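Shown below: coords_34.txt, with compact mmCIF, C-alpha atoms.
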```txt
# COMPACT_ATOMS: atom_id res chain seq x y z
CA MET A 1 -13.62 -12.00 5.26
CA VAL A 2 -13.84 -9.60 2.30
CA VAL A 3 -10.44 -8.52 0.95
CA ALA A 4 -9.93 -5.58 -1.44
CA VAL A 5 -6.71 -5.01 -3.39
CA THR A 6 -5.75 -1.77 -5.12
CA GLY A 7 -3.64 -1.87 -8.27
CA ALA A 8 -5.27 -5.21 -9.07
CA ALA A 9 -4.83 -5.07 -12.85
CA THR A 10 -1.03 -5.30 -12.87
CA GLY A 11 2.07 -6.31 -10.91
CA VAL A 12 1.88 -7.41 -7.29
CA GLY A 13 -1.81 -6.50 -7.10
CA ARG A 14 -2.71 -8.74 -9.99
CA MET A 15 -0.71 -11.64 -8.56
CA LEU A 16 -2.43 -11.22 -5.20
CA VAL A 17 -6.00 -11.14 -6.54
CA GLU A 18 -5.22 -14.24 -8.57
CA ARG A 19 -3.95 -16.02 -5.44
CA LEU A 20 -6.54 -14.97 -2.84
CA PRO A 21 -9.64 -16.56 -4.44
CA LYS A 22 -8.07 -20.00 -4.25
CA ALA A 23 -9.32 -20.23 -0.67
CA ALA A 24 -12.44 -18.10 -1.13
CA GLY A 25 -15.29 -19.62 0.84
CA SER A 26 -12.87 -21.33 3.22
CA GLY A 27 -14.10 -19.26 6.14
CA ARG A 28 -11.18 -16.81 5.94
CA VAL A 29 -11.47 -15.23 2.50
CA ALA A 30 -15.07 -15.20 1.34
CA ARG A 31 -14.74 -12.58 -1.41
CA VAL A 32 -12.04 -10.66 -3.24
CA ILE A 33 -12.60 -7.13 -4.59
CA ALA A 34 -10.18 -5.96 -7.27
CA ILE A 35 -9.74 -2.17 -7.52
CA ASP A 36 -8.03 -0.37 -10.39
CA GLU A 37 -8.60 2.39 -12.93
CA GLN A 38 -9.38 -0.25 -15.53
CA ARG A 39 -10.63 -3.81 -15.35
CA GLY A 40 -7.96 -6.49 -15.37
CA ASP A 41 -8.15 -10.08 -16.53
CA ALA A 42 -8.26 -11.86 -13.15
CA ASP A 43 -11.28 -14.15 -12.79
CA GLY A 44 -13.20 -15.10 -9.66
CA VAL A 45 -13.08 -11.57 -8.20
CA THR A 46 -15.40 -8.56 -8.09
CA TRP A 47 -14.03 -5.63 -10.08
CA ARG A 48 -14.62 -2.07 -8.86
CA ILE A 49 -13.21 0.70 -11.06
CA ALA A 50 -11.65 3.57 -9.12
CA ASP A 51 -8.66 5.92 -8.99
CA VAL A 52 -6.93 5.45 -5.64
CA ARG A 53 -6.22 9.20 -5.51
CA ASP A 54 -9.91 10.08 -5.79
CA PRO A 55 -11.78 10.61 -2.48
CA ARG A 56 -14.71 8.77 -4.05
CA LEU A 57 -12.66 5.61 -3.46
CA ALA A 58 -14.52 5.30 -0.13
CA ALA A 59 -17.70 4.36 -2.01
CA ARG A 60 -15.87 1.36 -3.48
CA LEU A 61 -14.93 0.00 -0.05
CA ALA A 62 -18.37 -0.93 1.24
CA GLY A 63 -18.26 -4.24 3.11
CA VAL A 64 -14.45 -4.56 2.98
CA ASP A 65 -12.64 -6.12 5.97
CA VAL A 66 -9.05 -5.83 4.73
CA LEU A 67 -7.67 -3.40 2.15
CA VAL A 68 -4.26 -4.20 0.63
CA HIS A 69 -2.78 -1.18 -1.15
CA THR A 70 -0.37 -2.20 -3.94
CA ASP A 71 -1.11 0.65 -6.37
CA ASP A 72 2.11 2.64 -6.10
CA ASP A 73 4.64 3.91 -8.64
CA ARG A 74 8.23 2.71 -8.22
CA SER A 75 9.35 3.39 -11.79
CA LEU A 76 12.76 4.94 -12.40
CA GLU A 77 11.32 6.58 -15.50
CA THR A 78 8.66 8.68 -13.72
CA HIS A 79 9.78 12.17 -12.77
CA PRO A 80 10.54 12.08 -9.01
CA ARG A 81 8.16 14.94 -8.16
CA GLU A 82 5.31 13.37 -10.11
CA ARG A 83 6.00 9.96 -8.60
CA ARG A 84 6.11 11.33 -5.08
CA ALA A 85 2.92 13.33 -5.51
CA ARG A 86 1.10 10.28 -6.82
CA ASN A 87 2.38 7.89 -4.16
CA ILE A 88 1.67 10.19 -1.23
CA ARG A 89 -1.77 11.22 -2.52
CA ALA A 90 -2.69 7.57 -3.07
CA ALA A 91 -1.63 6.52 0.44
CA GLN A 92 -3.46 9.47 2.00
CA THR A 93 -6.64 8.72 0.07
CA VAL A 94 -6.54 5.00 0.83
CA LEU A 95 -6.16 5.60 4.57
CA THR A 96 -8.80 8.35 4.70
CA ALA A 97 -11.28 6.36 2.61
CA ALA A 98 -10.77 3.23 4.71
CA ALA A 99 -11.34 5.19 7.93
CA ALA A 100 -14.46 6.86 6.50
CA GLU A 101 -15.93 3.52 5.44
CA ARG A 102 -14.90 1.85 8.72
CA VAL A 103 -12.64 -0.72 7.04
CA PRO A 104 -11.00 -2.52 9.99
CA ARG A 105 -7.56 -3.03 8.44
CA VAL A 106 -5.29 -1.52 5.78
CA ILE A 107 -1.99 -3.00 4.57
CA LEU A 108 0.58 -0.68 2.95
CA ILE A 109 3.85 -1.65 1.25
CA THR A 110 7.09 0.32 1.58
CA SER A 111 10.61 -1.18 1.63
CA THR A 112 13.47 -2.21 3.91
CA MET A 113 15.15 0.90 2.49
CA VAL A 114 13.57 2.81 5.39
CA TYR A 115 16.11 1.15 7.74
CA GLY A 116 18.92 2.85 5.85
CA ALA A 117 22.05 1.31 4.32
CA ASP A 118 25.19 1.94 6.32
CA PRO A 119 28.67 0.40 6.59
CA ALA A 120 28.10 0.15 10.36
CA ASN A 121 24.83 -1.79 10.06
CA PRO A 122 24.84 -5.17 11.79
CA VAL A 123 23.94 -8.10 9.55
CA PRO A 124 21.10 -8.69 10.06
CA LEU A 125 19.30 -5.66 11.44
CA ALA A 126 16.51 -6.30 13.93
CA GLU A 127 13.05 -5.86 12.44
CA SER A 128 12.41 -3.30 15.21
CA ALA A 129 15.57 -1.30 14.41
CA PRO A 130 15.10 2.49 14.21
CA LEU A 131 14.60 3.97 10.78
CA LYS A 132 17.29 6.03 9.07
CA THR A 133 15.72 8.13 6.38
CA GLU A 134 16.82 11.08 4.26
CA SER A 135 14.95 13.98 2.73
CA GLY A 136 15.03 14.27 -1.03
CA ALA A 137 13.26 13.26 -4.20
CA GLY A 138 14.07 9.55 -4.27
CA LEU A 139 11.92 6.52 -3.56
CA LEU A 140 13.34 6.34 -0.05
CA SER A 141 11.68 9.66 0.77
CA ASP A 142 8.37 8.41 -0.65
CA PHE A 143 8.50 5.34 1.58
CA ALA A 144 9.45 7.40 4.63
CA GLU A 145 6.46 9.71 4.18
CA ILE A 146 4.10 6.78 3.63
CA GLU A 147 5.33 5.32 6.92
CA GLU A 148 4.63 8.66 8.60
CA LEU A 149 1.11 8.67 7.14
CA ALA A 150 0.55 5.17 8.52
CA ALA A 151 1.67 6.27 12.00
CA LEU A 152 -0.58 9.33 11.82
CA ALA A 153 -3.56 7.21 10.73
CA ARG A 154 -3.10 4.88 13.70
CA ARG A 155 -3.28 7.85 16.06
CA ALA A 156 -6.11 9.66 14.28
CA HIS A 157 -8.30 6.58 13.70
CA PRO A 158 -8.08 4.19 16.68
CA GLY A 159 -10.51 1.80 15.02
CA LEU A 160 -8.27 1.39 11.98
CA SER A 161 -5.44 -1.15 12.06
CA VAL A 162 -2.63 -0.16 9.70
CA THR A 163 0.10 -2.68 8.83
CA VAL A 164 3.21 -1.59 6.92
CA VAL A 165 5.03 -4.32 5.00
CA ARG A 166 8.71 -3.72 4.22
CA PRO A 167 10.02 -6.04 1.50
CA ALA A 168 13.73 -6.35 0.81
CA PRO A 169 14.78 -5.22 -2.70
CA LEU A 170 12.34 -6.85 -5.09
CA VAL A 171 13.31 -9.12 -7.96
CA GLY A 172 11.21 -10.90 -10.55
CA PRO A 173 10.02 -10.75 -14.15
CA GLU A 174 9.47 -7.31 -15.71
CA LEU A 175 10.96 -5.43 -12.76
CA ASP A 176 13.22 -2.52 -13.69
CA THR A 177 14.87 -1.07 -10.59
CA LEU A 178 18.17 0.44 -9.54
CA LEU A 179 19.08 -3.03 -8.27
CA THR A 180 18.36 -4.80 -11.55
CA ARG A 181 20.31 -2.15 -13.45
CA HIS A 182 23.22 -2.53 -11.02
CA PHE A 183 23.51 -6.20 -11.98
CA ALA A 184 23.23 -5.32 -15.68
CA ALA A 185 26.42 -3.24 -15.55
CA PRO A 186 29.79 -4.42 -16.91
CA ARG A 187 31.23 -4.26 -13.37
CA LEU A 188 29.69 -4.17 -9.90
CA LEU A 189 30.56 -1.02 -7.99
CA THR A 190 31.95 -1.49 -4.47
CA VAL A 191 33.14 1.09 -1.95
CA LYS A 192 36.61 0.90 -0.50
CA GLY A 193 36.73 -0.46 3.03
CA CYS A 194 33.18 -1.84 3.11
CA GLU A 195 31.91 -5.39 2.57
CA GLN A 196 28.44 -5.55 1.03
CA ALA A 197 25.80 -8.08 2.09
CA TRP A 198 22.87 -8.78 -0.24
CA GLN A 199 19.27 -9.62 0.69
CA PHE A 200 16.46 -9.91 -1.86
CA CYS A 201 12.72 -10.54 -1.94
CA HIS A 202 11.18 -12.32 -4.91
CA VAL A 203 7.81 -10.82 -5.88
CA GLU A 204 6.21 -14.26 -5.57
CA ASP A 205 7.35 -14.37 -1.94
CA LEU A 206 5.95 -10.88 -1.31
CA VAL A 207 2.58 -11.99 -2.69
CA SER A 208 2.73 -15.19 -0.63
CA ALA A 209 3.52 -13.17 2.51
CA LEU A 210 0.64 -10.74 1.90
CA ASP A 211 -1.72 -13.68 1.41
CA PHE A 212 -0.44 -15.28 4.63
CA MET A 213 -0.82 -12.03 6.58
CA VAL A 214 -4.40 -11.55 5.43
CA ARG A 215 -5.52 -15.09 6.20
CA ASN A 216 -3.74 -15.33 9.55
CA GLU A 217 -4.22 -11.71 10.68
CA VAL A 218 -0.48 -11.18 11.18
CA ASP A 219 0.36 -7.52 11.71
CA GLY A 220 3.72 -7.43 13.52
CA LYS A 221 4.93 -5.41 16.46
CA ASP A 222 3.69 -1.81 16.20
CA GLY A 223 2.07 -2.72 12.88
CA VAL A 224 5.26 -3.24 10.86
CA LEU A 225 7.03 -6.31 9.48
CA ALA A 226 9.74 -7.15 6.97
CA VAL A 227 9.62 -9.66 4.11
CA GLY A 228 12.64 -11.16 2.41
CA CYS A 229 14.90 -14.13 1.88
CA ASP A 230 16.52 -15.62 4.96
CA GLY A 231 20.10 -14.54 5.60
CA SER A 232 22.25 -12.80 3.00
CA LEU A 233 24.88 -13.22 0.28
CA THR A 234 28.39 -11.82 0.53
CA GLN A 235 29.73 -9.63 -2.26
CA ALA A 236 31.95 -12.53 -3.36
CA ASP A 237 28.91 -14.83 -3.52
CA ALA A 238 26.97 -12.31 -5.61
CA GLU A 239 29.87 -11.82 -8.02
CA GLU A 240 30.30 -15.57 -8.50
CA ILE A 241 26.58 -16.13 -9.16
CA ALA A 242 26.34 -13.13 -11.50
CA GLY A 243 29.64 -13.85 -13.25
CA ILE A 244 30.52 -10.15 -12.94
CA ARG A 245 33.65 -8.75 -11.36
CA SER A 246 33.62 -5.66 -9.20
CA PHE A 247 35.58 -2.43 -9.19
CA GLU A 248 36.30 -0.37 -6.08
CA LEU A 249 36.04 3.37 -5.57
CA PRO A 250 36.53 5.60 -2.54
CA ALA A 251 33.14 6.52 -1.04
CA ASN A 252 33.51 10.27 -1.71
CA LEU A 253 34.24 9.68 -5.40
CA ALA A 254 31.43 7.14 -5.88
CA PHE A 255 28.76 9.25 -4.18
CA GLY A 256 29.99 12.58 -5.48
CA ALA A 257 30.10 11.39 -9.09
CA THR A 258 26.67 9.78 -8.82
CA GLN A 259 25.13 12.94 -7.40
CA ARG A 260 26.59 15.05 -10.21
CA LEU A 261 25.25 12.61 -12.81
CA HIS A 262 21.85 12.69 -11.16
CA ARG A 263 21.77 16.48 -11.21
CA VAL A 264 22.31 16.58 -14.95
CA GLY A 265 19.76 13.84 -15.59
CA ILE A 266 22.00 10.90 -16.51
CA THR A 267 21.26 8.68 -13.52
CA PRO A 268 17.66 8.08 -12.38
CA ALA A 269 18.31 7.94 -8.62
CA PRO A 270 20.11 10.27 -6.20
CA ALA A 271 23.38 9.33 -4.53
CA GLY A 272 21.55 8.44 -1.32
CA GLU A 273 20.01 5.42 -3.02
CA LEU A 274 23.42 4.26 -4.27
CA ARG A 275 24.15 3.46 -0.62
CA PHE A 276 21.85 0.42 -0.88
CA LEU A 277 24.03 -1.01 -3.66
CA VAL A 278 27.29 -0.72 -1.72
CA TYR A 279 26.36 -0.79 1.99
CA PRO A 280 24.45 -3.54 3.84
CA CYS A 281 20.75 -3.36 4.70
CA VAL A 282 19.78 -6.90 5.67
CA VAL A 283 16.77 -7.38 7.96
CA ASP A 284 15.76 -10.34 10.13
CA CYS A 285 12.16 -11.09 9.08
CA VAL A 286 11.32 -12.50 12.51
CA THR A 287 7.57 -11.77 12.68
CA LEU A 288 6.58 -13.80 9.64
CA ARG A 289 9.06 -16.56 10.43
CA GLU A 290 7.68 -17.03 13.93
CA ALA A 291 4.12 -16.93 12.56
CA GLY A 292 4.95 -19.87 10.29
CA TRP A 293 5.62 -18.25 6.90
CA HIS A 294 8.82 -18.99 4.99
CA PRO A 295 10.04 -17.73 1.60
CA GLU A 296 10.18 -20.11 -1.34
CA TYR A 297 13.32 -18.42 -2.72
CA ASP A 298 16.68 -18.11 -1.04
CA ASN A 299 18.99 -15.20 -1.88
CA ALA A 300 20.98 -17.15 -4.48
CA GLU A 301 17.79 -18.22 -6.29
CA ALA A 302 16.38 -14.70 -6.13
CA LEU A 303 19.59 -13.25 -7.61
CA GLN A 304 19.48 -15.84 -10.35
CA ALA A 305 15.90 -14.79 -11.14
CA LEU A 306 17.06 -11.18 -11.32
CA LEU A 307 19.84 -12.10 -13.74
CA GLU A 308 17.50 -14.08 -15.96
CA ALA A 309 15.07 -11.16 -16.11
CA ARG A 310 17.92 -8.82 -17.14
CA THR A 311 19.30 -11.07 -19.90
CA GLY A 312 20.23 -8.97 -22.93
CA LYS A 313 19.88 -5.66 -21.08
CA HIS A 314 22.74 -3.40 -20.09
CA ALA A 315 23.14 -0.49 -17.70
CA LEU A 316 25.76 1.80 -16.19
CA VAL A 317 25.36 3.91 -13.03
CA GLY A 318 21.66 3.07 -13.05
CA ARG A 319 21.08 4.20 -16.65
CA THR A 320 19.89 1.65 -19.17
CA LEU A 321 22.17 1.43 -22.22
CA GLY A 322 21.52 0.45 -25.80
CA ARG A 323 23.46 -2.48 -27.24
CA LYS A 324 26.00 -0.24 -29.03
CA GLU A 325 26.66 1.83 -25.88
CA ALA A 326 27.02 -1.32 -23.81
CA THR A 327 29.50 -2.84 -26.26
CA ILE A 328 31.67 0.28 -26.24
CA THR A 329 31.48 0.55 -22.46
CA ALA A 330 32.29 -3.12 -21.85
CA ALA A 331 35.20 -3.02 -24.29
CA SER A 332 36.75 0.04 -22.68
CA ALA A 333 35.80 -0.56 -19.05
CA ALA A 334 38.81 -1.12 -16.86
CA GLY A 335 37.74 -0.88 -13.27
CA ALA A 336 37.60 2.27 -11.22
CA ALA A 337 39.55 4.42 -13.65
CA VAL A 338 36.93 4.06 -16.37
CA ALA A 339 34.09 4.67 -13.94
CA ALA A 340 35.65 7.94 -12.82
CA ILE A 341 36.69 9.02 -16.32
CA GLY A 342 33.29 8.07 -17.74
CA THR A 343 31.53 10.11 -15.09
CA ALA A 344 33.67 13.18 -15.69
CA ALA A 345 33.33 12.87 -19.46
CA ALA A 346 29.57 12.60 -19.27
CA VAL A 347 29.29 15.68 -17.11
CA ARG A 348 31.62 17.68 -19.37
CA HIS A 349 29.65 16.59 -22.45
CA LEU A 350 26.37 17.78 -20.99
CA ARG A 351 27.86 21.08 -19.87
CA LYS A 352 29.27 21.77 -23.34
CA ARG A 353 25.96 20.86 -24.99
CA ARG A 354 24.05 23.21 -22.72
CA LYS A 355 26.49 26.07 -23.31
CA GLY A 356 26.31 25.52 -27.02
```
Whole structure, structure tokens version:
Amino acid sequence: MVVAVTGAATGVGRMLVERLPKAAGSGRVARVIAIDEQRGDADGVTWRIADVRDPRLAARLAGVDVLVHTDDDRSLETHPRERRARNIRAAQTVLTAAAAERVPRVILITSTMVYGADPANPVPLAESAPLKTESGAGLLSDFAEIEELAALARRAHPGLSVTVVRPAPLVGPELDTLLTRHFAAPRLLTVKGCEQAWQFCHVEDLVSALDFMVRNEVDGKDGVLAVGCDGSLTQADAEEIAGIRSFELPANLAFGATQRLHRVGITPAPAGELRFLVYPCVVDCVTLREAGWHPEYDNAEALQALLEARTGKHALVGRTLGRKEATITAASAAGAAVAAIGTAAAVRHLRKRRKG
């Protein structure tokens, strides 16, 4: 089996191409092809330089049996329109190039965010639960469109098997996400009348799951499967592990304030993505479990890894703060009142600056 990995120079892609060759020649993985715009430092693989948005990618896929696409942009710092254009173009090109070169199987990565976070969600959700997606400029919309592209590719190219992997919120070294910034805040936001349940996926477990899927040809029902820690943490568990207390706001105030801050550029994500920080989205990863794969990290260990990676960093409403800002905020923060006042003050400040 010849396995190609996009985005192989960094992140999940790099971790995967470093892991796959360990069994090269075993009869399952005979060769690993690493694809990126520049050569990385992984040894024991064949490097092919290509832009995943360029249709000429097809020429780099000769002889490939499985293509794992990890080259996406999930950065909070990229402008949402630019990020979306890149992610969608990359997924389209990967699927089209694979079909043109008759690659038997493609694996894409989205997120359990596509199930939607909702106070009425059962804990856990079934892996086959219907998706609840929203239109907009956030990452959730990117993932939803990628899932649509995967479904379209299955219909348009019957000879192409497309598997979509949905990891729970990722944690690990060097990750900067809305989740990591949430746990870098002075207080953890909660919504009145709703109990949060936390599920995580350590990046090492995602890489392990991808490796397992490739070697054992696991593709899940209808070509989709979830990856994450078993079970979940309660809000009280998360607060105890993090050593951070929470403050509670009514839902309309929390979401309304966040949306206003997003409009004026203070927060990096729209209010719809705040739902995943205050409402449960826990998924039963039944396909991989029944196939024999199990995560190395439980939710408590994954949260601890998140906290260690965020040591010395501070954030508020998803925005990273400098040390001076964080000190002022922490000293003056007093639960919900400060959150509401801080939101209103920030909006007023920006309005005055623009008028001036």
Between A:Glu101, A:Arg245, A:Ala91, A:Leu170, which one has atoms that come closest to Glu148 in chain A, using only C-alpha atoms?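 Result for the nearest residue to Glu148 in chain A: A:Ala91.
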CA of Ile35 in chain A to CA of Thr112 in chain A, straight-line distance in Å: 25.9 Å
Fewer than 2 positions away in the same chain doesn't count, so skip those; otherwise give me all residues within 8 Å of Cys194 in chain A, counting all atoms listed in the file, as a short mmCIF file (atom, residue, chain, number, x, y, z; two decimals) with C-alpha atoms, keeping the file's coordinate frame.
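File result-v5.cif, as written:
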```cif
data_model
loop_
_atom_site.label_atom_id
_atom_site.label_comp_id
_atom_site.auth_asym_id
_atom_site.auth_seq_id
_atom_site.Cartn_x
_atom_site.Cartn_y
_atom_site.Cartn_z
CA PRO A 119 28.67 0.40 6.59
CA THR A 190 31.95 -1.49 -4.47
CA VAL A 191 33.14 1.09 -1.95
CA LYS A 192 36.61 0.90 -0.50
CA GLN A 196 28.44 -5.55 1.03
CA VAL A 278 27.29 -0.72 -1.72
CA TYR A 279 26.36 -0.79 1.99
#
```
I want to know what sits within 6 Å of range 294-311 of chain A, based on all atoms listed in the file, with residues of the same chain fewer than 6 positions away left out; could you give that as an NGL selection string? :A and (171-173 or 200 or 202 or 205 or 229)
Residues near Ala4 in chain A, anyone? I mean within 9 Å using only C-alpha atoms, not counting same-chain ones fewer than 4 positions away, as a PDB file with C-alpha atoms, in the frame of the given file.
```
ATOM      1  CA  ALA A   8      -5.270  -5.210  -9.070  1.00  0.00           C
ATOM      2  CA  VAL A  17      -6.000 -11.140  -6.540  1.00  0.00           C
ATOM      3  CA  ARG A  31     -14.740 -12.580  -1.410  1.00  0.00           C
ATOM      4  CA  VAL A  32     -12.040 -10.660  -3.240  1.00  0.00           C
ATOM      5  CA  ILE A  33     -12.600  -7.130  -4.590  1.00  0.00           C
ATOM      6  CA  ALA A  34     -10.180  -5.960  -7.270  1.00  0.00           C
ATOM      7  CA  ILE A  35      -9.740  -2.170  -7.520  1.00  0.00           C
ATOM      8  CA  LEU A  61     -14.930   0.000  -0.050  1.00  0.00           C
ATOM      9  CA  VAL A  64     -14.450  -4.560   2.980  1.00  0.00           C
ATOM     10  CA  ASP A  65     -12.640  -6.120   5.970  1.00  0.00           C
ATOM     11  CA  VAL A  66      -9.050  -5.830   4.730  1.00  0.00           C
ATOM     12  CA  LEU A  67      -7.670  -3.400   2.150  1.00  0.00           C
ATOM     13  CA  VAL A  68      -4.260  -4.200   0.630  1.00  0.00           C
ATOM     14  CA  HIS A  69      -2.780  -1.180  -1.150  1.00  0.00           C
TER      15      HIS A  69
END
```
Can you tell me, as JSON, numbers by chain, what residues are no more than 12 Å from Arg53 in chain A when counting all atoms listed in the file, ignoring any on the same chain fewer than 5 positions away? {"A": [6, 7, 36, 37, 58, 69, 71, 72, 85, 86, 87, 88, 89, 90, 91, 92, 93, 94, 95, 96, 97]}
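Among the candidate residues A:Ala251, A:Val218, A:Val45, A:Ala184, the one lying nearest to Glu290 in chain A is A:Val218, with distances computed using all atoms listed in the file.
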Would you mind reading off the distance between CA of Arg166 in chain A and CA of Pro130 in chain A, one decimal, in Å?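 A separation of 13.4 Å between them.
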Separation of CA of Val3 in chain A and CA of Val29 in chain A, in Å?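 Taking CA of Val3 in chain A as the start and CA of Val29 in chain A as the end point, the length is 7.0 Å.
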Minimum-distance residue to Pro104 in chain A, chosen among A:Gly272, A:Pro55, A:Gly63, A:Pro124 (using only C-alpha atoms):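 Residue with the minimum atom-to-atom distance to Pro104 in chain A: A:Gly63.
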Complete the atoms of range 34-42 of chain A to all heavy atoms and put them out as an mmCIF file, in the coordinates of the input.
```cif
data_model
loop_
_atom_site.group_PDB
_atom_site.id
_atom_site.type_symbol
_atom_site.label_atom_id
_atom_site.label_comp_id
_atom_site.auth_asym_id
_atom_site.auth_seq_id
_atom_site.Cartn_x
_atom_site.Cartn_y
_atom_site.Cartn_z
ATOM 1 N N ALA A 34 -11.331 -6.473 -6.526
ATOM 2 C CA ALA A 34 -10.180 -5.960 -7.270
ATOM 3 C C ALA A 34 -10.452 -4.512 -7.670
ATOM 4 O O ALA A 34 -11.452 -4.229 -8.331
ATOM 5 C CB ALA A 34 -9.923 -6.820 -8.501
ATOM 6 N N ILE A 35 -9.549 -3.604 -7.259
ATOM 7 C CA ILE A 35 -9.740 -2.170 -7.520
ATOM 8 C C ILE A 35 -8.614 -1.661 -8.417
ATOM 9 O O ILE A 35 -7.436 -1.865 -8.133
ATOM 10 C CB ILE A 35 -9.748 -1.378 -6.205
ATOM 11 C CG1 ILE A 35 -10.912 -1.834 -5.316
ATOM 12 C CG2 ILE A 35 -9.836 0.127 -6.471
ATOM 13 C CD1 ILE A 35 -10.902 -1.196 -3.934
ATOM 14 N N ASP A 36 -9.005 -1.001 -9.498
ATOM 15 C CA ASP A 36 -8.030 -0.370 -10.390
ATOM 16 C C ASP A 36 -8.758 0.624 -11.270
ATOM 17 O O ASP A 36 -9.998 0.658 -11.290
ATOM 18 C CB ASP A 36 -7.293 -1.412 -11.231
ATOM 19 C CG ASP A 36 -5.851 -0.990 -11.546
ATOM 20 O OD1 ASP A 36 -5.643 0.181 -11.927
ATOM 21 O OD2 ASP A 36 -4.928 -1.813 -11.390
ATOM 22 N N GLU A 37 -7.987 1.412 -12.030
ATOM 23 C CA GLU A 37 -8.600 2.390 -12.930
ATOM 24 C C GLU A 37 -9.205 1.727 -14.152
ATOM 25 O O GLU A 37 -10.011 2.338 -14.849
ATOM 26 C CB GLU A 37 -7.568 3.433 -13.347
ATOM 27 C CG GLU A 37 -7.111 4.326 -12.202
ATOM 28 C CD GLU A 37 -6.148 5.392 -12.654
ATOM 29 O OE1 GLU A 37 -6.521 6.205 -13.532
ATOM 30 O OE2 GLU A 37 -5.012 5.412 -12.157
ATOM 31 N N GLN A 38 -8.786 0.507 -14.442
ATOM 32 C CA GLN A 38 -9.380 -0.250 -15.530
ATOM 33 C C GLN A 38 -9.467 -1.716 -15.130
ATOM 34 O O GLN A 38 -8.692 -2.198 -14.313
ATOM 35 C CB GLN A 38 -8.572 -0.111 -16.815
ATOM 36 C CG GLN A 38 -7.129 -0.558 -16.677
ATOM 37 C CD GLN A 38 -6.323 -0.292 -17.937
ATOM 38 O OE1 GLN A 38 -6.795 0.372 -18.851
ATOM 39 N NE2 GLN A 38 -5.121 -0.821 -17.986
ATOM 40 N N ARG A 39 -10.408 -2.415 -15.690
ATOM 41 C CA ARG A 39 -10.630 -3.810 -15.350
ATOM 42 C C ARG A 39 -9.470 -4.665 -15.848
ATOM 43 O O ARG A 39 -9.017 -4.512 -16.988
ATOM 44 C CB ARG A 39 -11.946 -4.296 -15.956
ATOM 45 C CG ARG A 39 -12.312 -5.730 -15.597
ATOM 46 C CD ARG A 39 -13.553 -6.169 -16.362
ATOM 47 N NE ARG A 39 -13.842 -7.565 -16.100
ATOM 48 C CZ ARG A 39 -14.646 -8.001 -15.150
ATOM 49 N NH1 ARG A 39 -15.264 -7.122 -14.368
ATOM 50 N NH2 ARG A 39 -14.866 -9.287 -14.975
ATOM 51 N N GLY A 40 -8.997 -5.557 -14.982
ATOM 52 C CA GLY A 40 -7.960 -6.490 -15.370
ATOM 53 C C GLY A 40 -8.544 -7.805 -15.835
ATOM 54 O O GLY A 40 -9.761 -7.927 -16.038
ATOM 55 N N ASP A 41 -7.684 -8.809 -15.980
ATOM 56 C CA ASP A 41 -8.150 -10.080 -16.530
ATOM 57 C C ASP A 41 -8.269 -11.186 -15.476
ATOM 58 O O ASP A 41 -8.495 -12.348 -15.819
ATOM 59 C CB ASP A 41 -7.228 -10.547 -17.655
ATOM 60 C CG ASP A 41 -5.763 -10.651 -17.222
ATOM 61 O OD1 ASP A 41 -5.480 -10.484 -16.019
ATOM 62 O OD2 ASP A 41 -4.911 -10.900 -18.094
ATOM 63 N N ALA A 42 -8.124 -10.847 -14.198
ATOM 64 C CA ALA A 42 -8.260 -11.860 -13.150
ATOM 65 C C ALA A 42 -9.714 -12.290 -13.030
ATOM 66 O O ALA A 42 -10.633 -11.459 -13.027
ATOM 67 C CB ALA A 42 -7.759 -11.321 -11.813
#
```
